Amino acid sequence: MNFTTDEINRERAIEIANWSYGSPYDFYNIGVSEEAIAELMNGSYRAVYSDDWQMIGFYCTGDSAQVATGHALFAYDHGGDEVIDFGLGMRPDWTGKGRGSSFLAFVLAVIVANHPGHALRLTVAVFNQRAIRLYQKFGFRTVIQFDRKGTLFQTMKMRDGDFEKIRVELQIQHPQTERDRMKISELWEAEWGGDRMVSRGHVYRLPDLIQRVAKVEDALVGATTYRLDDNGGCELMSLNALRQGIGIGTALLHSVEDEAKKAGCRRVWLITSNDNLEAIRFYQRRGYRITAVYPGAIDQARSIKPAIPHIGDHGIEIHDEIELAKSLTEV
């Protein structure tokens with residue numbers, strides 16, 4: 001299952017306010033009122049959609065994720081700007097069916113991508129042991145408990161980067177289904193403007209290359225393509241992670257390196273553009289070295305693939321190819 005997120009308008013706010021949970025979770029029933037609708041539309045809440053565009057949940061950050069009574073009891077006094085509070089809710093018919101893990105993984109990934117370097121904190125009613133067990137699996141630990149009108153709450157905190165549950169569930173494999181292949185095709189179109197890649201003056205069709213995908217449960221969260229060259233090398237042709245900050249790109253890269261070693265390759269290499277500073281930093285931090293620069297190579301490639309833009313990241317003009325490589329034989 002793939003998820004996406006969008007703002008909450010009045011229609012969506014009314015729909016959420018009408019959600020009705022059975023006992024004991026009816027504690028979370030909001031009820032339709034102008035106050036509730038205004039709260040849901042205050043900019044702190046985001047709707048979460050499945051890939052067939054059904055709203056299946058929401059999450060919020062900041063003060064909206066806190067319980068007011070907790071301030072009087074100093075539950076939120078520690079951490080300051082270094083902590084992001086968040087809360088979330090799933091549509092009633094989606095709860096209790098084993099979907100909470102992938103839903104929470106998506107919400108965490110979005111929040112971390114938007115707030116890198118922050119610790120994460122949530123507040124949960126103590127009676128909701130089902131939710132607490134899920135949070136504990138993701139590395140959240142109880143900080144403090146407090147009482148609000150007879151209901152006991154607790155705050156739970158996880159440091160930025162403690163995504164052990166996501167890493168455990170992350171699976172790297174070859175595409176298994178037609179749905180996988182369709183999602184990869186959509187990814188190529190969105191990221192590369194189609195399924196053709198130009199490298200060193202040669203045109204490659206990505207569907208003809210070796211493909212690996214990253215999945216969390218049924219959700220495709222990344223993909224890579226590569227080819228084995230005629231010189232004992234493995235050229236990495238594309239690498240995309242749909243969720244940032246949880247190691248997806250690194251896991252995909254390591255999988256390519258492992259497969260290249262099994263095939264007897266001596267090195268993995270790749271070509272990127274001169275504007276792609278984030279990618280250059282990403283690969284260098286993982287042992288890749290700049291081995292060549294080809295001035296004007298991308299200007300020539302535009303005659304083959306006119307869709308290549310002239311201006312890239314950070315407003316940098318795109319002209320040159322940069323080659324990076326990592327030896328697989330060095331100890």
# chains A, B, ... in the order shown; residues from 1 in each chain; ligands from 1
$ select_by_dssp --residues "region 186-310 of chain A" --states "helix (DSSP H, G or I)" --output "MDAnalysis selection string"
chainID A and resid 186:192 206:208 248:262 277:284 297:301
$ write_last_selection --atoms "N, CA, C and O atoms" --output "short mmCIF file (atom, residue, chain, number, x, y, z; two decimals), in the first residue's frame"
data_model
loop_
_atom_site.label_atom_id
_atom_site.label_comp_id
_atom_site.auth_asym_id
_atom_site.auth_seq_id
_atom_site.Cartn_x
_atom_site.Cartn_y
_atom_site.Cartn_z
N GLU A 186 5.96 4.80 -13.13
CA GLU A 186 5.49 6.11 -12.69
C GLU A 186 6.63 6.90 -12.04
O GLU A 186 6.74 8.12 -12.22
N LEU A 187 7.48 6.20 -11.29
CA LEU A 187 8.61 6.84 -10.64
C LEU A 187 9.59 7.38 -11.67
O LEU A 187 10.07 8.52 -11.56
N TRP A 188 9.90 6.59 -12.69
CA TRP A 188 10.81 7.05 -13.74
C TRP A 188 10.27 8.29 -14.44
O TRP A 188 11.02 9.22 -14.73
N GLU A 189 8.98 8.28 -14.70
CA GLU A 189 8.37 9.41 -15.39
C GLU A 189 8.48 10.67 -14.54
O GLU A 189 8.79 11.77 -15.04
N ALA A 190 8.22 10.52 -13.23
CA ALA A 190 8.25 11.67 -12.33
C ALA A 190 9.66 12.18 -12.08
O ALA A 190 9.89 13.40 -12.02
N GLU A 191 10.62 11.27 -11.95
CA GLU A 191 11.98 11.66 -11.57
C GLU A 191 12.90 11.92 -12.75
O GLU A 191 13.80 12.76 -12.68
N TRP A 192 12.71 11.18 -13.83
CA TRP A 192 13.65 11.25 -14.95
C TRP A 192 13.00 11.69 -16.26
O TRP A 192 13.67 11.74 -17.29
N LEU A 206 15.47 2.02 -19.19
CA LEU A 206 15.48 1.51 -17.82
C LEU A 206 14.76 0.16 -17.67
O LEU A 206 15.21 -0.68 -16.89
N PRO A 207 13.65 -0.09 -18.41
CA PRO A 207 12.99 -1.41 -18.27
C PRO A 207 13.88 -2.57 -18.71
O PRO A 207 13.64 -3.72 -18.31
N ASP A 208 14.91 -2.28 -19.54
CA ASP A 208 15.80 -3.34 -20.02
C ASP A 208 16.92 -3.64 -19.04
O ASP A 208 17.68 -4.60 -19.23
N ILE A 248 16.67 4.33 3.08
CA ILE A 248 16.21 3.58 1.91
C ILE A 248 17.25 3.63 0.79
O ILE A 248 17.60 2.61 0.20
N GLY A 249 17.74 4.84 0.49
CA GLY A 249 18.74 4.97 -0.56
C GLY A 249 19.99 4.17 -0.27
O GLY A 249 20.54 3.50 -1.16
N THR A 250 20.44 4.20 0.98
CA THR A 250 21.63 3.45 1.37
C THR A 250 21.40 1.95 1.22
O THR A 250 22.27 1.22 0.73
N ALA A 251 20.22 1.48 1.63
CA ALA A 251 19.92 0.05 1.52
C ALA A 251 19.89 -0.40 0.06
O ALA A 251 20.39 -1.47 -0.29
N LEU A 252 19.30 0.42 -0.81
CA LEU A 252 19.28 0.09 -2.24
C LEU A 252 20.69 0.06 -2.81
O LEU A 252 21.04 -0.85 -3.58
N LEU A 253 21.51 1.03 -2.45
CA LEU A 253 22.88 1.10 -2.95
C LEU A 253 23.67 -0.13 -2.50
O LEU A 253 24.40 -0.74 -3.30
N HIS A 254 23.53 -0.49 -1.24
CA HIS A 254 24.24 -1.67 -0.74
C HIS A 254 23.78 -2.94 -1.45
O HIS A 254 24.59 -3.85 -1.70
N SER A 255 22.51 -3.01 -1.79
CA SER A 255 22.01 -4.19 -2.49
C SER A 255 22.64 -4.32 -3.87
O SER A 255 22.96 -5.41 -4.33
N VAL A 256 22.81 -3.17 -4.55
CA VAL A 256 23.47 -3.19 -5.86
C VAL A 256 24.92 -3.62 -5.72
O VAL A 256 25.43 -4.44 -6.50
N GLU A 257 25.60 -3.09 -4.71
CA GLU A 257 27.00 -3.47 -4.49
C GLU A 257 27.13 -4.96 -4.21
O GLU A 257 28.04 -5.64 -4.72
N ASP A 258 26.21 -5.50 -3.41
CA ASP A 258 26.24 -6.94 -3.10
C ASP A 258 26.02 -7.78 -4.36
O ASP A 258 26.71 -8.79 -4.58
N GLU A 259 25.04 -7.37 -5.18
CA GLU A 259 24.77 -8.11 -6.40
C GLU A 259 25.94 -8.00 -7.37
O GLU A 259 26.27 -8.96 -8.08
N ALA A 260 26.58 -6.84 -7.42
CA ALA A 260 27.73 -6.65 -8.29
C ALA A 260 28.90 -7.56 -7.87
O ALA A 260 29.58 -8.15 -8.71
N LYS A 261 29.12 -7.67 -6.57
CA LYS A 261 30.17 -8.56 -6.07
C LYS A 261 29.89 -10.00 -6.48
O LYS A 261 30.80 -10.73 -6.92
N LYS A 262 28.64 -10.43 -6.32
CA LYS A 262 28.28 -11.80 -6.69
C LYS A 262 28.52 -12.05 -8.18
O LYS A 262 28.83 -13.18 -8.58
N LEU A 277 24.34 18.24 -6.39
CA LEU A 277 25.25 18.30 -5.25
C LEU A 277 24.87 17.32 -4.14
O LEU A 277 25.73 16.74 -3.48
N GLU A 278 23.55 17.15 -3.93
CA GLU A 278 23.11 16.21 -2.89
C GLU A 278 23.54 14.79 -3.21
O GLU A 278 24.00 14.04 -2.34
N ALA A 279 23.40 14.39 -4.48
CA ALA A 279 23.80 13.05 -4.87
C ALA A 279 25.31 12.87 -4.74
O ALA A 279 25.80 11.83 -4.27
N ILE A 280 26.08 13.87 -5.16
CA ILE A 280 27.54 13.78 -5.06
C ILE A 280 27.96 13.62 -3.61
O ILE A 280 28.83 12.80 -3.28
N ARG A 281 27.33 14.37 -2.72
CA ARG A 281 27.63 14.23 -1.29
C ARG A 281 27.21 12.86 -0.78
O ARG A 281 27.95 12.22 -0.02
N PHE A 282 26.01 12.40 -1.18
CA PHE A 282 25.50 11.10 -0.75
C PHE A 282 26.48 9.99 -1.10
O PHE A 282 26.84 9.15 -0.25
N TYR A 283 26.95 9.96 -2.34
CA TYR A 283 27.82 8.87 -2.77
C TYR A 283 29.21 8.97 -2.15
O TYR A 283 29.80 7.95 -1.76
N GLN A 284 29.74 10.18 -2.02
CA GLN A 284 31.06 10.32 -1.42
C GLN A 284 31.07 9.86 0.03
O GLN A 284 32.05 9.27 0.51
N ALA A 297 29.36 17.22 -21.65
CA ALA A 297 28.75 15.94 -22.04
C ALA A 297 27.23 16.01 -22.02
O ALA A 297 26.57 15.39 -22.86
N ILE A 298 26.67 16.74 -21.07
CA ILE A 298 25.20 16.80 -21.00
C ILE A 298 24.66 17.72 -22.09
O ILE A 298 23.55 17.49 -22.61
N ASP A 299 25.42 18.73 -22.48
CA ASP A 299 25.00 19.54 -23.63
C ASP A 299 24.85 18.66 -24.86
O ASP A 299 23.89 18.80 -25.64
N GLN A 300 25.78 17.71 -25.04
CA GLN A 300 25.70 16.79 -26.17
C GLN A 300 24.54 15.82 -26.01
O GLN A 300 23.86 15.46 -26.97
N ALA A 301 24.27 15.41 -24.75
CA ALA A 301 23.21 14.44 -24.50
C ALA A 301 21.83 15.01 -24.82
O ALA A 301 20.90 14.26 -25.12
#
$ residues_around --residues "region 211-213 of chain A" --least-positions-apart "5" --cutoff "8 Å" --atoms "only C-alpha atoms" --output "PyMOL selection string"
chain A and resi 172-175+220-226+252
$ write_last_selection --atoms "N, CA, C and O atoms" --output "PDB file, in the first residue's frame"
ATOM      1  N   ILE A 172      14.435  -5.355   0.192  1.00  0.00           N
ATOM      2  CA  ILE A 172      14.998  -5.041  -1.111  1.00  0.00           C
ATOM      3  C   ILE A 172      14.889  -6.296  -1.972  1.00  0.00           C
ATOM      4  O   ILE A 172      15.368  -7.363  -1.591  1.00  0.00           O
ATOM      5  N   GLN A 173      14.259  -6.171  -3.132  1.00  0.00           N
ATOM      6  CA  GLN A 173      14.028  -7.337  -3.971  1.00  0.00           C
ATOM      7  C   GLN A 173      13.830  -6.904  -5.415  1.00  0.00           C
ATOM      8  O   GLN A 173      13.703  -5.718  -5.713  1.00  0.00           O
ATOM      9  N   HIS A 174      13.825  -7.884  -6.306  1.00  0.00           N
ATOM     10  CA  HIS A 174      13.468  -7.602  -7.688  1.00  0.00           C
ATOM     11  C   HIS A 174      11.953  -7.393  -7.759  1.00  0.00           C
ATOM     12  O   HIS A 174      11.206  -7.925  -6.934  1.00  0.00           O
ATOM     13  N   PRO A 175      11.486  -6.606  -8.725  1.00  0.00           N
ATOM     14  CA  PRO A 175      10.032  -6.409  -8.855  1.00  0.00           C
ATOM     15  C   PRO A 175       9.314  -7.747  -8.957  1.00  0.00           C
ATOM     16  O   PRO A 175       9.717  -8.626  -9.716  1.00  0.00           O
ATOM     17  N   LEU A 220       5.756   0.398  -2.048  1.00  0.00           N
ATOM     18  CA  LEU A 220       7.022   0.623  -2.724  1.00  0.00           C
ATOM     19  C   LEU A 220       7.559   1.976  -2.293  1.00  0.00           C
ATOM     20  O   LEU A 220       6.887   2.997  -2.456  1.00  0.00           O
ATOM     21  N   VAL A 221       8.769   1.999  -1.732  1.00  0.00           N
ATOM     22  CA  VAL A 221       9.329   3.234  -1.195  1.00  0.00           C
ATOM     23  C   VAL A 221      10.632   3.633  -1.876  1.00  0.00           C
ATOM     24  O   VAL A 221      11.259   4.623  -1.490  1.00  0.00           O
ATOM     25  N   GLY A 222      11.056   2.871  -2.882  1.00  0.00           N
ATOM     26  CA  GLY A 222      12.265   3.237  -3.599  1.00  0.00           C
ATOM     27  C   GLY A 222      12.572   2.229  -4.690  1.00  0.00           C
ATOM     28  O   GLY A 222      11.990   1.136  -4.725  1.00  0.00           O
ATOM     29  N   ALA A 223      13.480   2.594  -5.595  1.00  0.00           N
ATOM     30  CA  ALA A 223      13.841   1.698  -6.689  1.00  0.00           C
ATOM     31  C   ALA A 223      15.200   2.089  -7.242  1.00  0.00           C
ATOM     32  O   ALA A 223      15.629   3.249  -7.136  1.00  0.00           O
ATOM     33  N   THR A 224      15.877   1.122  -7.847  1.00  0.00           N
ATOM     34  CA  THR A 224      17.160   1.370  -8.483  1.00  0.00           C
ATOM     35  C   THR A 224      17.276   0.503  -9.724  1.00  0.00           C
ATOM     36  O   THR A 224      16.617  -0.538  -9.831  1.00  0.00           O
ATOM     37  N   THR A 225      18.083   0.958 -10.683  1.00  0.00           N
ATOM     38  CA  THR A 225      18.396   0.160 -11.867  1.00  0.00           C
ATOM     39  C   THR A 225      19.903   0.181 -12.070  1.00  0.00           C
ATOM     40  O   THR A 225      20.584   1.162 -11.735  1.00  0.00           O
ATOM     41  N   TYR A 226      20.434  -0.906 -12.640  1.00  0.00           N
ATOM     42  CA  TYR A 226      21.869  -0.965 -12.907  1.00  0.00           C
ATOM     43  C   TYR A 226      22.135  -1.949 -14.037  1.00  0.00           C
ATOM     44  O   TYR A 226      21.260  -2.721 -14.448  1.00  0.00           O
ATOM     45  N   LEU A 252      19.302   0.417  -0.812  1.00  0.00           N
ATOM     46  CA  LEU A 252      19.276   0.087  -2.239  1.00  0.00           C
ATOM     47  C   LEU A 252      20.690   0.059  -2.811  1.00  0.00           C
ATOM     48  O   LEU A 252      21.044  -0.845  -3.585  1.00  0.00           O
TER      49      LEU A 252
END
$ residues_around --residues "Ile318 (chain A)" --least-positions-apart "3" --cutoff "12 Å" --atoms "only C-alpha atoms" --output "mmCIF file with N, CA and C atoms, in the first residue's frame"
data_model
loop_
_atom_site.group_PDB
_atom_site.id
_atom_site.type_symbol
_atom_site.label_atom_id
_atom_site.label_comp_id
_atom_site.auth_asym_id
_atom_site.auth_seq_id
_atom_site.Cartn_x
_atom_site.Cartn_y
_atom_site.Cartn_z
ATOM 1 N N THR A 272 26.529 11.327 -12.856
ATOM 2 C CA THR A 272 25.533 12.296 -12.426
ATOM 3 C C THR A 272 25.863 13.653 -13.035
ATOM 4 N N SER A 273 24.966 14.596 -12.892
ATOM 5 C CA SER A 273 25.152 15.915 -13.485
ATOM 6 C C SER A 273 25.841 16.859 -12.502
ATOM 7 N N ASN A 274 26.436 17.908 -13.034
ATOM 8 C CA ASN A 274 27.239 18.808 -12.210
ATOM 9 C C ASN A 274 26.422 19.575 -11.179
ATOM 10 N N ASP A 275 25.089 19.659 -11.359
ATOM 11 C CA ASP A 275 24.250 20.391 -10.405
ATOM 12 C C ASP A 275 23.793 19.537 -9.242
ATOM 13 N N ASN A 276 23.966 18.219 -9.338
ATOM 14 C CA ASN A 276 23.361 17.289 -8.378
ATOM 15 C C ASN A 276 24.241 17.155 -7.132
ATOM 16 N N LEU A 277 24.344 18.245 -6.388
ATOM 17 C CA LEU A 277 25.254 18.300 -5.247
ATOM 18 C C LEU A 277 24.869 17.317 -4.145
ATOM 19 N N TYR A 294 33.415 15.121 -17.304
ATOM 20 C CA TYR A 294 33.286 15.209 -18.756
ATOM 21 C C TYR A 294 32.592 16.542 -19.108
ATOM 22 N N PRO A 295 33.372 17.584 -19.325
ATOM 23 C CA PRO A 295 32.786 18.905 -19.628
ATOM 24 C C PRO A 295 31.947 18.869 -20.907
ATOM 25 N N GLY A 296 30.766 19.459 -20.833
ATOM 26 C CA GLY A 296 29.906 19.576 -21.999
ATOM 27 C C GLY A 296 29.187 18.309 -22.405
ATOM 28 N N ALA A 297 29.364 17.221 -21.646
ATOM 29 C CA ALA A 297 28.755 15.943 -22.039
ATOM 30 C C ALA A 297 27.232 16.007 -22.015
ATOM 31 N N ILE A 298 26.668 16.741 -21.075
ATOM 32 C CA ILE A 298 25.205 16.804 -20.998
ATOM 33 C C ILE A 298 24.657 17.717 -22.092
ATOM 34 N N ASP A 299 25.418 18.731 -22.480
ATOM 35 C CA ASP A 299 25.000 19.543 -23.625
ATOM 36 C C ASP A 299 24.847 18.662 -24.860
ATOM 37 N N GLN A 300 25.775 17.714 -25.038
ATOM 38 C CA GLN A 300 25.697 16.793 -26.169
ATOM 39 C C GLN A 300 24.537 15.818 -26.005
ATOM 40 N N ALA A 301 24.271 15.410 -24.748
ATOM 41 C CA ALA A 301 23.205 14.437 -24.495
ATOM 42 C C ALA A 301 21.830 15.011 -24.818
ATOM 43 N N ARG A 302 21.687 16.338 -24.777
ATOM 44 C CA ARG A 302 20.386 16.943 -25.071
ATOM 45 C C ARG A 302 19.961 16.708 -26.519
ATOM 46 N N ILE A 308 16.139 16.876 -21.135
ATOM 47 C CA ILE A 308 17.094 17.207 -20.076
ATOM 48 C C ILE A 308 17.065 18.720 -19.848
ATOM 49 N N PRO A 309 16.795 19.169 -18.631
ATOM 50 C CA PRO A 309 16.673 20.615 -18.378
ATOM 51 C C PRO A 309 18.010 21.339 -18.506
ATOM 52 N N HIS A 310 17.949 22.631 -18.724
ATOM 53 C CA HIS A 310 19.157 23.454 -18.804
ATOM 54 C C HIS A 310 19.570 23.982 -17.433
ATOM 55 N N ILE A 311 18.580 24.168 -16.558
ATOM 56 C CA ILE A 311 18.850 24.658 -15.206
ATOM 57 C C ILE A 311 18.446 23.576 -14.217
ATOM 58 N N GLY A 312 19.334 23.264 -13.290
ATOM 59 C CA GLY A 312 19.070 22.183 -12.349
ATOM 60 C C GLY A 312 18.941 22.653 -10.925
ATOM 61 N N ASP A 313 19.325 21.805 -9.995
ATOM 62 C CA ASP A 313 19.219 22.115 -8.572
ATOM 63 C C ASP A 313 20.023 23.366 -8.224
ATOM 64 N N HIS A 314 19.462 24.145 -7.300
ATOM 65 C CA HIS A 314 20.121 25.352 -6.784
ATOM 66 C C HIS A 314 20.355 26.401 -7.878
ATOM 67 N N GLY A 315 19.609 26.315 -8.984
ATOM 68 C CA GLY A 315 19.759 27.279 -10.062
ATOM 69 C C GLY A 315 21.047 27.134 -10.853
ATOM 70 N N GLU A 321 29.000 16.033 -17.091
ATOM 71 C CA GLU A 321 28.808 14.756 -16.400
ATOM 72 C C GLU A 321 29.950 14.546 -15.414
ATOM 73 N N ILE A 322 29.610 14.026 -14.254
ATOM 74 C CA ILE A 322 30.603 13.693 -13.232
ATOM 75 C C ILE A 322 30.502 12.203 -12.956
#
$ atom_distance --atom1 "CA of Lys97 (chain A)" --atom2 "CA of Ser50 (chain A)"
15.1 Å
$ residues_around --residues "Val203 (chain A)" --least-positions-apart "3" --cutoff "12 Å" --atoms "only C-alpha atoms" --output "number ranges by chain"
A: 195-200, 206, 208-209, 237, 301-305
$ closest_residue --among "A:Arg266, A:Arg130, A:Arg227, A:Lys215" --to "Ser102 (chain A)" --atoms "only C-alpha atoms"
A:Lys215
$ atom_distance --atom1 "CA of Trp19 (chain A)" --atom2 "CA of Ile37 (chain A)"
12.8 Å
$ residues_around --residues "Val83 (chain A)" --least-positions-apart "6" --cutoff "8 Å" --atoms "only C-alpha atoms" --output "list in words"
His118, Ala119, Leu120 and Arg121 of chain A
$ residues_around --residues "Asp85 (chain A)" --least-positions-apart "3" --cutoff "8 Å" --atoms "only C-alpha atoms" --output "PyMOL selection string"
chain A and resi 61-63+65-66+120-122
$ select_by_dssp --residues "region 108-190 of chain A" --states "strand (DSSP E or B)" --output "list in words"
Ala119, Leu120, Arg121, Leu122, Thr123, Val124, Ala125, Arg141, Thr142, Val143, Ile144, Gln145, Phe146, Asp147, Arg148, Thr151, Leu152, Phe153, Gln154, Thr155, Met156, Lys157, Met158, Leu170, Gln171, Ile172 and Gln173 of chain A
$ write_last_selection --atoms "N, CA and C atoms" --output "PDB file, in the first residue's frame"
ATOM      1  N   ALA A 119      14.047  15.264  17.618  1.00  0.00           N
ATOM      2  CA  ALA A 119      13.460  14.104  18.285  1.00  0.00           C
ATOM      3  C   ALA A 119      11.950  14.153  18.086  1.00  0.00           C
ATOM      4  N   LEU A 120      11.306  13.002  18.162  1.00  0.00           N
ATOM      5  CA  LEU A 120       9.856  12.917  17.974  1.00  0.00           C
ATOM      6  C   LEU A 120       9.193  12.523  19.284  1.00  0.00           C
ATOM      7  N   ARG A 121       8.046  13.145  19.575  1.00  0.00           N
ATOM      8  CA  ARG A 121       7.313  12.856  20.810  1.00  0.00           C
ATOM      9  C   ARG A 121       5.826  12.774  20.494  1.00  0.00           C
ATOM     10  N   LEU A 122       5.157  11.873  21.167  1.00  0.00           N
ATOM     11  CA  LEU A 122       3.706  11.748  21.023  1.00  0.00           C
ATOM     12  C   LEU A 122       3.072  11.613  22.394  1.00  0.00           C
ATOM     13  N   THR A 123       1.772  11.843  22.463  1.00  0.00           N
ATOM     14  CA  THR A 123       1.007  11.671  23.694  1.00  0.00           C
ATOM     15  C   THR A 123      -0.110  10.688  23.420  1.00  0.00           C
ATOM     16  N   VAL A 124      -0.244   9.679  24.287  1.00  0.00           N
ATOM     17  CA  VAL A 124      -1.216   8.624  24.055  1.00  0.00           C
ATOM     18  C   VAL A 124      -1.930   8.300  25.359  1.00  0.00           C
ATOM     19  N   ALA A 125      -3.202   7.950  25.273  1.00  0.00           N
ATOM     20  CA  ALA A 125      -3.941   7.507  26.459  1.00  0.00           C
ATOM     21  C   ALA A 125      -3.417   6.136  26.887  1.00  0.00           C
ATOM     22  N   ARG A 141       9.784   5.400  23.746  1.00  0.00           N
ATOM     23  CA  ARG A 141       9.859   5.025  25.155  1.00  0.00           C
ATOM     24  C   ARG A 141       9.100   6.047  26.004  1.00  0.00           C
ATOM     25  N   THR A 142       8.451   5.560  27.067  1.00  0.00           N
ATOM     26  CA  THR A 142       7.647   6.432  27.930  1.00  0.00           C
ATOM     27  C   THR A 142       8.534   7.423  28.675  1.00  0.00           C
ATOM     28  N   VAL A 143       8.076   8.688  28.714  1.00  0.00           N
ATOM     29  CA  VAL A 143       8.809   9.734  29.419  1.00  0.00           C
ATOM     30  C   VAL A 143       8.097  10.100  30.717  1.00  0.00           C
ATOM     31  N   ILE A 144       6.810  10.446  30.635  1.00  0.00           N
ATOM     32  CA  ILE A 144       6.068  10.885  31.816  1.00  0.00           C
ATOM     33  C   ILE A 144       4.593  10.552  31.632  1.00  0.00           C
ATOM     34  N   GLN A 145       3.907  10.281  32.741  1.00  0.00           N
ATOM     35  CA  GLN A 145       2.460  10.066  32.729  1.00  0.00           C
ATOM     36  C   GLN A 145       1.777  11.198  33.487  1.00  0.00           C
ATOM     37  N   PHE A 146       0.553  11.529  33.058  1.00  0.00           N
ATOM     38  CA  PHE A 146      -0.210  12.566  33.747  1.00  0.00           C
ATOM     39  C   PHE A 146      -1.698  12.294  33.571  1.00  0.00           C
ATOM     40  N   ASP A 147      -2.502  12.854  34.476  1.00  0.00           N
ATOM     41  CA  ASP A 147      -3.943  12.615  34.497  1.00  0.00           C
ATOM     42  C   ASP A 147      -4.688  13.812  33.927  1.00  0.00           C
ATOM     43  N   ARG A 148      -5.660  13.527  33.049  1.00  0.00           N
ATOM     44  CA  ARG A 148      -6.537  14.578  32.529  1.00  0.00           C
ATOM     45  C   ARG A 148      -7.979  14.136  32.723  1.00  0.00           C
ATOM     46  N   THR A 151      -8.550  10.447  32.968  1.00  0.00           N
ATOM     47  CA  THR A 151      -7.903   9.622  31.940  1.00  0.00           C
ATOM     48  C   THR A 151      -6.402   9.808  32.037  1.00  0.00           C
ATOM     49  N   LEU A 152      -5.673   8.699  32.148  1.00  0.00           N
ATOM     50  CA  LEU A 152      -4.224   8.752  32.281  1.00  0.00           C
ATOM     51  C   LEU A 152      -3.586   8.790  30.891  1.00  0.00           C
ATOM     52  N   PHE A 153      -2.693   9.747  30.706  1.00  0.00           N
ATOM     53  CA  PHE A 153      -1.940   9.881  29.458  1.00  0.00           C
ATOM     54  C   PHE A 153      -0.458   9.655  29.720  1.00  0.00           C
ATOM     55  N   GLN A 154       0.275   9.370  28.678  1.00  0.00           N
ATOM     56  CA  GLN A 154       1.724   9.319  28.792  1.00  0.00           C
ATOM     57  C   GLN A 154       2.351   9.903  27.525  1.00  0.00           C
ATOM     58  N   THR A 155       3.491  10.571  27.692  1.00  0.00           N
ATOM     59  CA  THR A 155       4.268  11.009  26.545  1.00  0.00           C
ATOM     60  C   THR A 155       5.295   9.934  26.239  1.00  0.00           C
ATOM     61  N   MET A 156       5.594   9.771  24.941  1.00  0.00           N
ATOM     62  CA  MET A 156       6.594   8.802  24.500  1.00  0.00           C
ATOM     63  C   MET A 156       7.498   9.519  23.508  1.00  0.00           C
ATOM     64  N   LYS A 157       8.773   9.186  23.539  1.00  0.00           N
ATOM     65  CA  LYS A 157       9.752   9.940  22.761  1.00  0.00           C
ATOM     66  C   LYS A 157      10.669   8.987  22.001  1.00  0.00           C
ATOM     67  N   MET A 158      11.039   9.406  20.790  1.00  0.00           N
ATOM     68  CA  MET A 158      12.006   8.675  19.991  1.00  0.00           C
ATOM     69  C   MET A 158      12.977   9.675  19.405  1.00  0.00           C
ATOM     70  N   LEU A 170      12.046  -3.077   5.994  1.00  0.00           N
ATOM     71  CA  LEU A 170      12.452  -2.699   4.654  1.00  0.00           C
ATOM     72  C   LEU A 170      12.981  -3.913   3.906  1.00  0.00           C
ATOM     73  N   GLN A 171      12.381  -4.214   2.784  1.00  0.00           N
ATOM     74  CA  GLN A 171      12.786  -5.351   1.975  1.00  0.00           C
ATOM     75  C   GLN A 171      13.269  -4.862   0.613  1.00  0.00           C
ATOM     76  N   ILE A 172      14.435  -5.355   0.192  1.00  0.00           N
ATOM     77  CA  ILE A 172      14.998  -5.041  -1.111  1.00  0.00           C
ATOM     78  C   ILE A 172      14.889  -6.296  -1.972  1.00  0.00           C
ATOM     79  N   GLN A 173      14.259  -6.171  -3.132  1.00  0.00           N
ATOM     80  CA  GLN A 173      14.028  -7.337  -3.971  1.00  0.00           C
ATOM     81  C   GLN A 173      13.830  -6.904  -5.415  1.00  0.00           C
TER      82      GLN A 173
END
$ closest_residue --among "A:Ala38, A:Asp93, A:Phe140, A:Ser33" --to "Tyr21 (chain A)" --atoms "only C-alpha atoms"
A:Asp93
$ closest_residue --among "A:Arg91, A:Tyr76, A:Thr177, A:Ala263" --to "Asn18 (chain A)" --atoms "only C-alpha atoms"
A:Arg91
$ residues_around --residues "region 1-17 of chain A" --least-positions-apart "2" --cutoff "6 Å" --atoms "only C-alpha atoms" --output "PyMOL selection string"
chain A and resi 19+30-32+37+40-41+46-51+218-219
$ closest_residue --among "A:Glu235, A:Asp180, A:Lys149, A:Phe138" --to "Ala68 (chain A)" --atoms "only C-alpha atoms"
A:Lys149
